[in-house]
file model11.cif (mmCIF, C-alpha atoms and all ligand atoms)
data_coords
#
loop_
_atom_site.label_atom_id
_atom_site.label_comp_id
_atom_site.auth_asym_id
_atom_site.auth_seq_id
_atom_site.Cartn_x
_atom_site.Cartn_y
_atom_site.Cartn_z
CA MET A 1 16.58 18.96 4.94
CA ASP A 2 19.05 16.13 5.67
CA ILE A 3 17.13 12.97 4.89
CA ASN A 4 19.82 10.33 4.40
CA ASN A 5 19.10 7.77 7.04
CA ASN A 6 19.62 4.05 7.16
CA LYS A 7 16.97 3.40 9.79
CA MET A 8 14.42 0.94 8.39
CA LEU A 9 11.16 2.75 7.71
CA GLN A 10 8.10 1.38 9.49
CA ALA A 11 4.73 2.65 8.35
CA VAL A 12 2.89 0.54 10.91
CA THR A 13 3.98 -0.88 14.27
CA TRP A 14 2.31 -2.25 17.36
CA ASP A 15 3.41 -0.75 20.66
CA ASP A 16 3.13 -3.38 23.40
CA GLU A 17 3.56 -0.86 26.18
CA GLN A 18 0.89 1.55 24.99
CA GLN A 19 -1.26 -1.26 23.54
CA ALA A 20 -1.76 0.88 20.46
CA VAL A 21 -1.06 1.01 16.72
CA ILE A 22 1.65 3.51 15.79
CA LEU A 23 1.48 4.96 12.29
CA LEU A 24 4.03 7.01 10.42
CA ASP A 25 1.97 10.05 9.37
CA GLN A 26 2.49 9.96 5.61
CA ARG A 27 0.50 13.17 5.15
CA ALA A 28 3.27 15.09 6.89
CA LEU A 29 6.11 13.72 4.76
CA PRO A 30 8.62 14.81 3.67
CA ASP A 31 8.50 17.91 5.90
CA ALA A 32 8.19 16.00 9.15
CA GLU A 33 8.70 12.40 10.27
CA ARG A 34 5.98 12.19 12.88
CA TYR A 35 3.95 9.34 14.30
CA ILE A 36 0.27 9.02 15.20
CA ILE A 37 -0.88 6.81 18.07
CA CYS A 38 -4.15 4.97 17.45
CA SER A 39 -5.68 3.59 20.61
CA SER A 40 -9.20 3.11 19.27
CA VAL A 41 -10.58 1.37 16.20
CA GLU A 42 -12.15 4.63 15.07
CA GLN A 43 -8.74 6.34 15.12
CA ALA A 44 -7.24 3.50 13.08
CA ALA A 45 -10.12 3.61 10.57
CA ASN A 46 -9.83 7.38 10.23
CA ALA A 47 -6.08 7.07 9.66
CA ILE A 48 -6.69 4.66 6.76
CA GLU A 49 -9.37 6.92 5.28
CA ASN A 50 -7.35 10.11 5.53
CA MET A 51 -4.17 8.41 4.26
CA THR A 52 -2.06 8.77 7.35
CA VAL A 53 -1.32 5.18 6.35
CA ARG A 54 -1.65 4.23 2.69
CA GLY A 55 -0.42 1.67 0.18
CA ALA A 56 -2.35 -1.60 -0.19
CA PRO A 57 -0.27 -3.93 2.04
CA ALA A 58 0.22 -1.28 4.77
CA ILE A 59 -3.53 -0.67 4.84
CA GLY A 60 -4.11 -4.41 5.35
CA ILE A 61 -1.55 -4.58 8.17
CA ALA A 62 -2.98 -1.48 9.88
CA ALA A 63 -6.48 -3.00 9.70
CA ALA A 64 -5.23 -6.30 11.17
CA TYR A 65 -3.72 -4.42 14.12
CA GLY A 66 -7.00 -2.46 14.31
CA ILE A 67 -8.81 -5.74 15.01
CA ALA A 68 -6.28 -6.63 17.70
CA LEU A 69 -6.90 -3.18 19.17
CA ALA A 70 -10.65 -3.87 19.27
CA ALA A 71 -9.93 -7.02 21.31
CA VAL A 72 -7.60 -5.13 23.68
CA ASN A 73 -10.27 -2.50 24.26
CA ALA A 74 -13.02 -5.11 24.65
CA GLU A 75 -10.95 -6.83 27.34
CA ARG A 76 -10.57 -3.51 29.15
CA LEU A 77 -14.38 -3.28 29.21
CA GLU A 78 -14.48 -6.78 30.60
CA ILE A 79 -12.58 -5.51 33.62
CA GLU A 80 -14.47 -2.22 33.88
CA ILE A 81 -18.05 -3.34 33.32
CA SER A 82 -17.78 -7.15 33.51
CA ALA A 83 -18.49 -7.49 29.78
CA ASN A 84 -19.04 -11.12 28.82
CA GLN A 85 -17.51 -13.01 25.88
CA ASP A 86 -20.49 -12.38 23.58
CA TYR A 87 -20.29 -8.66 24.24
CA LYS A 88 -16.55 -8.66 23.46
CA LEU A 89 -17.18 -10.55 20.22
CA LYS A 90 -19.83 -7.98 19.30
CA ILE A 91 -17.33 -5.14 19.76
CA ILE A 92 -14.72 -6.95 17.66
CA ASN A 93 -17.24 -7.66 14.91
CA GLN A 94 -18.17 -3.97 14.83
CA ALA A 95 -14.48 -3.25 14.22
CA PHE A 96 -14.50 -5.54 11.17
CA ASP A 97 -17.48 -3.63 9.73
CA ARG A 98 -15.91 -0.23 10.37
CA LEU A 99 -12.47 -1.09 8.98
CA ALA A 100 -13.94 -2.73 5.87
CA LYS A 101 -15.60 0.59 4.99
CA THR A 102 -12.39 2.62 4.93
CA ARG A 103 -11.00 2.19 1.39
CA PRO A 104 -12.57 0.05 -1.33
CA THR A 105 -9.87 -0.74 -3.92
CA ALA A 106 -6.89 -2.21 -2.04
CA VAL A 107 -7.90 -5.86 -1.72
CA ASN A 108 -5.16 -6.47 0.86
CA LEU A 109 -7.46 -4.71 3.34
CA PHE A 110 -10.13 -7.37 2.83
CA THR A 111 -7.63 -10.25 2.64
CA ALA A 112 -6.20 -9.19 6.02
CA LEU A 113 -9.65 -8.74 7.57
CA GLU A 114 -10.77 -12.17 6.29
CA ARG A 115 -7.68 -13.74 7.82
CA MET A 116 -8.32 -12.01 11.15
CA LYS A 117 -11.97 -13.14 11.01
CA ALA A 118 -10.92 -16.76 10.46
CA CYS A 119 -8.55 -16.44 13.43
CA LEU A 120 -11.36 -15.01 15.58
CA GLU A 121 -13.68 -17.82 14.50
CA ARG A 122 -11.10 -20.44 15.56
CA SER A 123 -10.56 -18.80 18.95
CA LYS A 124 -13.92 -17.28 19.83
CA ASN A 125 -14.20 -19.21 23.09
CA ASN A 126 -10.75 -18.17 24.27
CA LEU A 127 -10.96 -15.53 27.01
CA LYS A 128 -7.69 -13.84 26.00
CA LEU A 129 -8.66 -12.98 22.43
CA SER A 130 -6.35 -9.97 22.24
CA ASN A 131 -3.21 -12.13 22.54
CA ILE A 132 -4.33 -14.43 19.74
CA LEU A 133 -5.48 -11.66 17.40
CA LEU A 134 -2.34 -9.65 18.03
CA GLU A 135 -0.15 -12.65 17.20
CA GLU A 136 -2.07 -13.10 13.93
CA ALA A 137 -1.68 -9.40 13.03
CA LYS A 138 2.06 -9.60 13.76
CA LEU A 139 2.27 -12.66 11.53
CA ILE A 140 0.50 -10.84 8.67
CA HIS A 141 3.03 -8.04 9.14
CA SER A 142 6.17 -10.21 9.23
CA GLU A 143 4.96 -12.36 6.32
CA ASP A 144 4.51 -9.23 4.23
CA ILE A 145 8.13 -8.20 4.82
CA ALA A 146 9.37 -11.71 3.97
CA ASN A 147 7.20 -11.79 0.83
CA ASN A 148 8.56 -8.42 -0.30
CA LYS A 149 12.13 -9.62 0.12
CA ARG A 150 11.45 -12.78 -1.90
CA MET A 151 9.60 -10.75 -4.55
CA GLY A 152 12.52 -8.37 -4.62
CA GLU A 153 15.01 -11.17 -5.33
CA LEU A 154 12.86 -12.57 -8.12
CA GLY A 155 12.16 -9.17 -9.65
CA ALA A 156 15.80 -8.12 -9.50
CA GLU A 157 16.68 -10.91 -11.92
CA LEU A 158 14.58 -9.20 -14.59
CA LEU A 159 16.67 -6.04 -14.53
CA PRO A 160 19.89 -5.37 -16.42
CA ASP A 161 23.07 -4.69 -14.41
CA ASP A 162 22.85 -0.99 -15.13
CA ALA A 163 19.13 -0.21 -15.00
CA VAL A 164 17.11 2.97 -15.41
CA ILE A 165 13.62 2.53 -13.96
CA LEU A 166 10.47 4.63 -13.96
CA THR A 167 8.00 4.18 -11.10
CA HIS A 168 4.66 5.70 -10.17
CA CYS A 169 3.03 6.49 -6.81
CA ASN A 170 4.77 4.93 -3.81
CA ALA A 171 5.12 1.16 -3.61
CA GLY A 172 7.94 1.35 -1.11
CA ALA A 173 8.73 0.33 2.45
CA ILE A 174 6.18 2.80 3.77
CA ALA A 175 3.38 1.34 1.59
CA THR A 176 3.99 -2.14 3.03
CA GLY A 177 5.19 -3.93 6.14
CA GLY A 178 8.74 -3.03 5.06
CA HIS A 179 11.19 -3.27 2.11
CA GLY A 180 8.46 -2.44 -0.45
CA THR A 181 7.08 -4.09 -3.59
CA ALA A 182 8.17 -2.06 -6.65
CA LEU A 183 10.81 -0.24 -4.61
CA GLY A 184 11.66 -3.54 -2.90
CA VAL A 185 12.66 -4.93 -6.30
CA LEU A 186 14.97 -1.94 -6.73
CA ARG A 187 16.43 -2.41 -3.23
CA SER A 188 17.07 -6.10 -3.89
CA ALA A 189 18.59 -5.35 -7.31
CA ARG A 190 20.98 -2.90 -5.70
CA ASP A 191 21.82 -5.43 -2.95
CA ALA A 192 22.62 -7.89 -5.76
CA GLY A 193 25.22 -5.44 -7.06
CA LYS A 194 23.19 -3.80 -9.85
CA LYS A 195 23.42 -0.09 -10.55
CA ILE A 196 19.94 1.42 -10.32
CA LYS A 197 18.80 4.87 -11.40
CA VAL A 198 15.17 5.78 -10.74
CA TYR A 199 12.74 8.29 -12.23
CA ALA A 200 9.74 8.93 -9.98
CA ASP A 201 6.44 10.32 -11.31
CA GLU A 202 5.16 13.00 -8.96
CA THR A 203 1.73 11.24 -8.95
CA ARG A 204 -1.07 13.72 -8.83
CA PRO A 205 -3.20 14.70 -7.06
CA LEU A 206 -1.65 13.66 -3.71
CA PHE A 207 1.98 13.57 -4.86
CA GLN A 208 2.88 10.17 -3.41
CA GLY A 209 5.71 10.02 -5.95
CA ALA A 210 7.16 13.43 -5.10
CA ARG A 211 6.49 13.46 -1.37
CA LEU A 212 7.03 9.78 -0.56
CA THR A 213 8.92 7.85 -3.26
CA ALA A 214 11.48 10.55 -4.01
CA TRP A 215 11.96 11.04 -0.25
CA GLU A 216 12.14 7.31 0.54
CA LEU A 217 14.66 6.63 -2.24
CA ALA A 218 16.82 9.68 -1.49
CA ARG A 219 16.83 8.69 2.19
CA ASP A 220 18.11 5.30 1.07
CA ASN A 221 20.84 6.88 -1.11
CA PHE A 222 19.31 5.95 -4.46
CA ASP A 223 19.95 8.07 -7.53
CA VAL A 224 16.41 9.44 -7.98
CA THR A 225 15.04 12.07 -10.36
CA LEU A 226 11.54 13.50 -10.13
CA ILE A 227 9.32 14.12 -13.18
CA THR A 228 5.73 15.33 -13.48
CA ASP A 229 3.26 12.67 -14.64
CA SER A 230 2.90 14.39 -18.00
CA MET A 231 6.64 14.00 -18.73
CA ALA A 232 6.65 10.19 -18.88
CA ALA A 233 6.16 9.94 -22.66
CA ALA A 234 8.92 12.47 -23.38
CA LEU A 235 11.17 10.65 -20.91
CA MET A 236 10.70 7.29 -22.64
CA LYS A 237 11.24 8.83 -26.06
CA SER A 238 14.34 10.80 -25.19
CA LYS A 239 16.15 8.69 -22.57
CA LYS A 240 16.97 5.01 -22.11
CA ILE A 241 14.36 3.57 -19.74
CA ASP A 242 14.83 -0.15 -19.09
CA ALA A 243 11.55 -0.81 -17.32
CA VAL A 244 8.54 0.65 -15.59
CA ILE A 245 7.90 -1.01 -12.21
CA VAL A 246 4.82 -0.22 -10.15
CA GLY A 247 2.84 -1.78 -7.32
CA ALA A 248 -0.81 -2.84 -7.31
CA ASP A 249 -3.94 -2.44 -5.25
CA ARG A 250 -5.85 -5.35 -6.75
CA ILE A 251 -5.08 -7.84 -9.51
CA ALA A 252 -7.93 -9.67 -11.26
CA LYS A 253 -7.73 -13.33 -12.31
CA ASN A 254 -6.81 -12.36 -15.88
CA GLY A 255 -3.97 -10.05 -14.78
CA ASP A 256 -5.83 -6.73 -15.14
CA THR A 257 -4.33 -4.58 -12.41
CA ALA A 258 -5.72 -1.66 -10.45
CA ASN A 259 -3.10 0.76 -9.20
CA LYS A 260 -2.77 4.48 -8.58
CA ILE A 261 -4.48 6.67 -11.17
CA GLY A 262 -2.05 7.27 -14.01
CA THR A 263 -0.68 3.72 -14.06
CA TYR A 264 -2.85 2.74 -17.03
CA GLY A 265 -1.63 5.72 -19.04
CA LEU A 266 1.94 4.84 -18.17
CA SER A 267 1.40 1.29 -19.44
CA VAL A 268 0.13 2.63 -22.78
CA ILE A 269 3.17 4.88 -23.10
CA ALA A 270 5.52 2.03 -22.14
CA LYS A 271 3.95 -0.25 -24.74
CA ALA A 272 4.26 2.44 -27.41
CA HIS A 273 7.98 2.76 -26.64
CA GLY A 274 8.74 -0.97 -26.20
CA VAL A 275 9.58 -0.52 -22.51
CA PRO A 276 8.82 -3.57 -20.28
CA PHE A 277 6.02 -2.86 -17.81
CA TYR A 278 6.23 -4.80 -14.54
CA ILE A 279 3.82 -5.06 -11.63
CA ALA A 280 5.30 -6.11 -8.28
CA ALA A 281 2.76 -7.28 -5.71
CA PRO A 282 2.32 -9.96 -3.06
CA PHE A 283 -0.20 -12.75 -3.53
CA THR A 284 -2.48 -10.94 -1.05
CA THR A 285 -3.11 -8.40 -3.85
CA LEU A 286 -4.68 -11.05 -6.10
CA ASP A 287 -8.45 -11.10 -6.08
CA PHE A 288 -9.64 -14.47 -7.32
CA LYS A 289 -13.24 -13.24 -7.10
CA ALA A 290 -12.54 -10.59 -9.77
CA GLU A 291 -12.55 -12.17 -13.22
CA THR A 292 -11.34 -8.97 -14.94
CA GLY A 293 -10.54 -5.37 -14.09
CA ALA A 294 -14.22 -4.51 -14.63
CA ASP A 295 -14.95 -6.28 -11.31
CA ILE A 296 -12.57 -4.03 -9.35
CA PRO A 297 -14.23 -1.17 -7.42
CA ILE A 298 -12.46 2.13 -8.05
CA GLU A 299 -12.40 4.57 -5.15
CA GLU A 300 -13.39 8.15 -5.86
CA ARG A 301 -11.95 10.55 -3.36
CA SER A 302 -12.79 14.03 -2.18
CA GLU A 303 -12.88 16.86 -4.73
CA SER A 304 -10.79 18.92 -2.34
CA GLU A 305 -7.75 16.79 -3.18
CA MET A 306 -7.80 18.41 -6.62
CA ARG A 307 -9.26 21.80 -5.83
CA ILE A 308 -6.75 22.64 -3.14
CA LEU A 309 -3.06 22.38 -3.88
CA ILE A 310 -0.96 22.38 -0.70
CA ASN A 311 -3.57 24.38 1.18
CA ASN A 312 -4.12 26.93 -1.62
CA GLN A 313 -7.30 26.66 -3.63
CA HIS A 314 -6.40 26.87 -7.31
CA VAL A 315 -9.66 25.69 -8.95
CA PRO A 316 -12.83 27.82 -8.84
CA ASP A 317 -15.71 26.24 -6.91
CA SER A 318 -17.90 26.39 -10.04
CA VAL A 319 -15.60 23.95 -11.90
CA LYS A 320 -16.59 20.28 -11.63
CA VAL A 321 -13.94 17.81 -10.49
CA TRP A 322 -13.57 14.06 -11.21
CA ASN A 323 -11.09 12.41 -8.86
CA PRO A 324 -10.77 8.61 -9.29
CA ALA A 325 -7.93 7.38 -7.09
CA PHE A 326 -7.07 4.32 -9.20
CA ASP A 327 -7.26 2.99 -12.75
CA VAL A 328 -7.01 -0.46 -14.29
CA THR A 329 -4.12 -1.46 -16.53
CA PRO A 330 -5.29 -4.13 -19.00
CA HIS A 331 -3.30 -7.35 -18.84
CA GLU A 332 -2.23 -6.91 -22.51
CA ASN A 333 -0.05 -3.99 -21.39
CA ILE A 334 1.73 -5.93 -18.63
CA THR A 335 5.04 -7.68 -19.38
CA ALA A 336 5.14 -9.63 -16.12
CA ILE A 337 3.68 -9.73 -12.62
CA ILE A 338 6.31 -10.26 -9.93
CA THR A 339 5.09 -12.02 -6.78
CA GLU A 340 6.78 -13.89 -3.93
CA ARG A 341 5.54 -17.13 -5.49
CA GLY A 342 7.20 -16.48 -8.83
CA VAL A 343 7.20 -14.18 -11.84
CA PHE A 344 4.08 -14.61 -14.00
CA PHE A 345 4.12 -13.87 -17.74
CA PRO A 346 1.12 -13.64 -20.06
CA PRO A 347 -1.26 -15.39 -20.38
CA PHE A 348 -1.56 -14.90 -16.63
CA LYS A 349 -2.51 -18.04 -14.68
CA PHE A 350 -1.91 -17.60 -10.94
O1 LIG B 401 -3.87 5.88 -2.61
P1 LIG B 401 -2.64 5.14 -2.17
O2 LIG B 401 -1.48 6.02 -1.87
O3 LIG B 401 -2.95 4.16 -1.06
O4 LIG B 401 -2.25 4.27 -3.44
C1 LIG B 401 -1.15 3.42 -3.36
C2 LIG B 401 -0.84 2.74 -4.62
O5 LIG B 401 -1.50 2.88 -5.62
C3 LIG B 401 0.31 1.77 -4.57
O6 LIG B 401 0.97 1.72 -5.80
C4 LIG B 401 -0.25 0.37 -4.25
O7 LIG B 401 -1.07 0.41 -3.12
C5 LIG B 401 0.83 -0.61 -4.03
S1 LIG B 401 1.73 -0.31 -2.54
C6 LIG B 401 2.88 -1.52 -2.37
#

call {"tool": "encode", "arguments": {"input": "model11.cif", "output": "structure tokens", "more": "lines below"}}
Ligand code: MRU
result
Amino acid sequence: MDINNNKMLQAVTWDDEQQAVILLDQRALPDAERYIICSSVEQAANAIENMTVRGAPAIGIAAAYGIALAAVNAERLEIEISANQDYKLKIINQAFDRLAKTRPTAVNLFTALERMKACLERSKNNLKLSNILLEEAKLIHSEDIANNKRMGELGAELLPDDAVILTHCNAGAIATGGHGTALGVLRSARDAGKKIKVYADETRPLFQGARLTAWELARDNFDVTLITDSMAAALMKSKKIDAVIVGADRIAKNGDTANKIGTYGLSVIAKAHGVPFYIAAPFTTLDFKAETGADIPIEERSESEMRILINNQHVPDSVKVWNPAFDVTPHENITAIITERGVFFPPFKF
């Protein structure tokens, strides 16, 4: 498979011609680079649930476009069945309810929906709601890319000139509007002339590290080496690792951070080996309503994700399965949180 390609990866785009949300199907990677067209809110919601699109900021952006899609479709009804403004608003509000039920942990989903709701509130008497909501969704998208680039510049300063980094899950361009959070820091560090070598955890059970991060970095000509999650301790003991950098799904007021299951364990291992542990996330990942990590809801996903490995069942049905998708890294284990508004060190005050 020849994957080197300089084309900027876009997990989510809006197609003006088709009036639809286009999603890179991340379930098919790295075997196939295929795209899914969502022309209804239900299709967009399903795509978030089934992880066609995943990664906290990308989920938020997809949901924002999902609201714009609701307005487009409501305006079609206006033409077809003379739907009035109240009826259109009802359809759009149903879209908010549906999209909010897709995934519980990534707070960017709710931040984006709240922003779209505020926009709707301001413009509810405007007859061309789709234009206004689409502009807002596009703004959320472009701001995310700009934030990642700024975060990248700030995070790059923390890394030595010749850096060996361990990362977990995928916090790359395809988990965001573009550029990436954790992987964005690595991209910016390389752009600043630093030499970057990356170890990627495979990230069970859905292998975002193996299928997505290793693919995304190799495609971008990074020196990347894959390890299984259980190899991280041995890696830190036997090789020079300068830092662990991961993304986040939700950060509480005290700095406790929810991210892909396995991140907490990695933070414990990093602390034990004196390796700096960095979180890179935009301000939209901060949840000021969560005092600590205990206030963060942790998604539990389908047992089948663990029972069936690449379409082959390898666990007997009689065995119970526990499949939390995220864990919380206590703030004591975090060296710094890199955001577009600055790098925060303990004690965390955002
Ligand atoms: O279940 P996923 O693949 O959506 O989980 C993604 C992660 O945990 C990422 O690290 C996080 O969303 C940050 S993405 C910039």

call {"tool": "residues_around", "arguments": {"input": "model11.cif", "residues": "Phe344 in chain A", "least_positions_apart": "6", "cutoff": "10 Å", "atoms": "all atoms listed in the file", "output": "JSON, numbers by chain"}}
result
{"A": [255, 279, 335, 336, 337, 338, 350]}

call {"tool": "write_last_selection", "arguments": {"input": "model11.cif", "atoms": "C-alpha atoms", "output": "mmCIF file, in the coordinates of the input"}}
result
data_model
loop_
_atom_site.group_PDB
_atom_site.id
_atom_site.type_symbol
_atom_site.label_atom_id
_atom_site.label_comp_id
_atom_site.auth_asym_id
_atom_site.auth_seq_id
_atom_site.Cartn_x
_atom_site.Cartn_y
_atom_site.Cartn_z
ATOM 1 C CA GLY A 255 -3.970 -10.050 -14.780
ATOM 2 C CA ILE A 279 3.820 -5.060 -11.630
ATOM 3 C CA THR A 335 5.040 -7.680 -19.380
ATOM 4 C CA ALA A 336 5.140 -9.630 -16.120
ATOM 5 C CA ILE A 337 3.680 -9.730 -12.620
ATOM 6 C CA ILE A 338 6.310 -10.260 -9.930
ATOM 7 C CA PHE A 350 -1.910 -17.600 -10.940
#

call {"tool": "atom_distance", "arguments": {"input": "model11.cif", "atom1": "CA of Tyr65 in chain A", "atom2": "CA of Leu23 in chain A"}}
result
10.9 Å

call {"tool": "closest_residue", "arguments": {"input": "model11.cif", "among": "A:Ser142, A:Ser123, A:Asn108, A:Ser267", "to": "ligand LIG 401 (chain B)", "atoms": "only C-alpha atoms and all ligand atoms"}}
result
A:Asn108

call {"tool": "residues_near_ligand", "arguments": {"input": "model11.cif", "ligand": "ligand LIG 401 (chain B)", "cutoff": "6 Å", "atoms": "only C-alpha atoms and all ligand atoms", "output": "PyMOL selection string"}}
result
chain A and resi 54-57+169-172+175-176+180-181+247-249+259-260

call {"tool": "atom_distance", "arguments": {"input": "model11.cif", "atom1": "CA of Thr203 in chain A", "atom2": "CA of Leu29 in chain A"}}
result
14.6 Å

call {"tool": "atom_distance", "arguments": {"input": "model11.cif", "atom1": "CA of Gly262 in chain A", "atom2": "CA of Ile61 in chain A"}}
result
25.2 Å

call {"tool": "closest_residue", "arguments": {"input": "model11.cif", "among": "A:Ala270, A:Gly184, A:Glu305, A:Glu291", "to": "Ala146 in chain A", "atoms": "all atoms listed in the file"}}
result
A:Gly184

call {"tool": "closest_residue", "arguments": {"input": "model11.cif", "among": "A:Gly178, A:Gly66, A:Gly193, A:Pro205", "to": "Glu42 in chain A", "atoms": "only C-alpha atoms"}}
result
A:Gly66

call {"tool": "residues_around", "arguments": {"input": "model11.cif", "residues": "Arg301 in chain A", "least_positions_apart": "6", "cutoff": "7 Å", "atoms": "all atoms listed in the file", "output": "PyMOL selection string"}}
result
chain A and resi 323-325
